[in-house]
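**Q** To start, I am sharing the structure in question, which I have written as structure tokens.
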Amino acid sequence: APRANKQYFLELQEMGAGKVTAPAVADAHNKDLAVQSKYGVHFVNYWVDEKNGLVMCLSQAGDSASVTNTHKEAHGLLPAYTLKVKQGE
């Protein structure tokens, strides 16, 4: 559920062409979910482009560092870009 006072962050992880599989990303996402509450993060959804080796992740958090720290502890895969975004109405 959306949390008031939280901002949305969209991350792009560039793993490299042919280096991403949907099951591997699902596994990493589950690891994120296991530690997200420790950092006050709520992962909303993620998308995988297996062909180009890209993963996009949408989360809600107080700041981008919280999201990065969740990834760092969960699996060590860090985003190339983190964008603060607003949801369209």
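As shown in the structure tokens, the chain order sets the letters A, B, ...; within each chain, residues go from 1, and ligands are also counted from 1 in the order they appear.
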Fewer than 3 positions away in the same chain doesn't count, so skip those; otherwise give me all residues within 8 Å of A:Tyr8, counting only C-alpha atoms, as a ChimeraX atom specification.
**A** /A:58-61,84-87
**Q** Near A:Val25, counting only C-alpha atoms, which residues have an atom at most 8 Å away, once you skip same-chain residues fewer than 5 positions from it, shown as a list in words?
**A**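 That gives Val20, Val48 and Val55 of chain A.
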**Q** Please dump the current selection as an mmCIF file, in the first residue's frame; keep N, CA and C atoms.
**A**
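Full text of part_5.cif as output:
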data_model
loop_
_atom_site.group_PDB
_atom_site.id
_atom_site.type_symbol
_atom_site.label_atom_id
_atom_site.label_comp_id
_atom_site.auth_asym_id
_atom_site.auth_seq_id
_atom_site.Cartn_x
_atom_site.Cartn_y
_atom_site.Cartn_z
ATOM 1 N N VAL A 20 20.961 -11.348 -17.857
ATOM 2 C CA VAL A 20 19.815 -11.249 -16.960
ATOM 3 C C VAL A 20 18.781 -12.303 -17.306
ATOM 4 N N VAL A 48 11.813 -6.498 -16.250
ATOM 5 C CA VAL A 48 13.042 -7.124 -16.735
ATOM 6 C C VAL A 48 13.081 -7.099 -18.261
ATOM 7 N N VAL A 55 17.199 -4.046 -15.842
ATOM 8 C CA VAL A 55 16.182 -4.257 -14.811
ATOM 9 C C VAL A 55 15.750 -2.885 -14.317
#
**Q** Report as JSON lines the residues of stretch 14-34 of chain A within 12 Å of stretch 75-81 of chain A, each with its shortest atom pair and distance in Å (one decimal), using only C-alpha atoms, ordered by chain and increasing residue number.
**A**
{"residue": "A:Glu14", "atom": "CA", "partner": "A:Ala80", "partner_atom": "CA", "distance": 6.3}
{"residue": "A:Met15", "atom": "CA", "partner": "A:Leu77", "partner_atom": "CA", "distance": 9.0}
{"residue": "A:Gly16", "atom": "CA", "partner": "A:Ala80", "partner_atom": "CA", "distance": 11.6}
{"residue": "A:Ala24", "atom": "CA", "partner": "A:His75", "partner_atom": "CA", "distance": 11.1}
{"residue": "A:Val25", "atom": "CA", "partner": "A:Leu77", "partner_atom": "CA", "distance": 10.3}
{"residue": "A:Ala26", "atom": "CA", "partner": "A:His75", "partner_atom": "CA", "distance": 11.8}
{"residue": "A:Asp27", "atom": "CA", "partner": "A:His75", "partner_atom": "CA", "distance": 9.4}
{"residue": "A:Ala28", "atom": "CA", "partner": "A:His75", "partner_atom": "CA", "distance": 6.3}
{"residue": "A:His29", "atom": "CA", "partner": "A:His75", "partner_atom": "CA", "distance": 9.0}
{"residue": "A:Asn30", "atom": "CA", "partner": "A:His75", "partner_atom": "CA", "distance": 9.9}
{"residue": "A:Lys31", "atom": "CA", "partner": "A:His75", "partner_atom": "CA", "distance": 6.8}
{"residue": "A:Asp32", "atom": "CA", "partner": "A:His75", "partner_atom": "CA", "distance": 7.6}
{"residue": "A:Leu33", "atom": "CA", "partner": "A:His75", "partner_atom": "CA", "distance": 11.1}
{"residue": "A:Ala34", "atom": "CA", "partner": "A:His75", "partner_atom": "CA", "distance": 10.9}
**Q** Measuring between only C-alpha atoms, which one of A:Gln36, A:Gln13, A:Asn52, A:Tyr46 shows the shortest distance to A:Val67?
**A**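 Ranked by minimum distance to A:Val67, first place goes to A:Gln36.
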**Q** Calculated over only C-alpha atoms, which of the candidates A:His71, A:Pro23, A:Leu83, A:Asn45 has the smallest distance to A:Leu10?
**A**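 Comparing A:His71, A:Pro23, A:Leu83, A:Asn45 against A:Leu10, the winner is A:Leu83.
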**Q** As a list in words, list the residues of chain A assigned to helix (DSSP H, G or I) by DSSP on the backbone atoms of this structure.
**A** Ala22, Pro23, Ala24, Val25, Ala26, Asp27, Ala28, His29, Asn30, Lys31, Asp32, Leu33, Ala34, Val35, Gln36, Ser37, Lys38, Tyr39, Ser64, Ala65, Ser66, Val67, Thr68, Asn69, Thr70, His71, Lys72, Glu73 and Ala74 of chain A
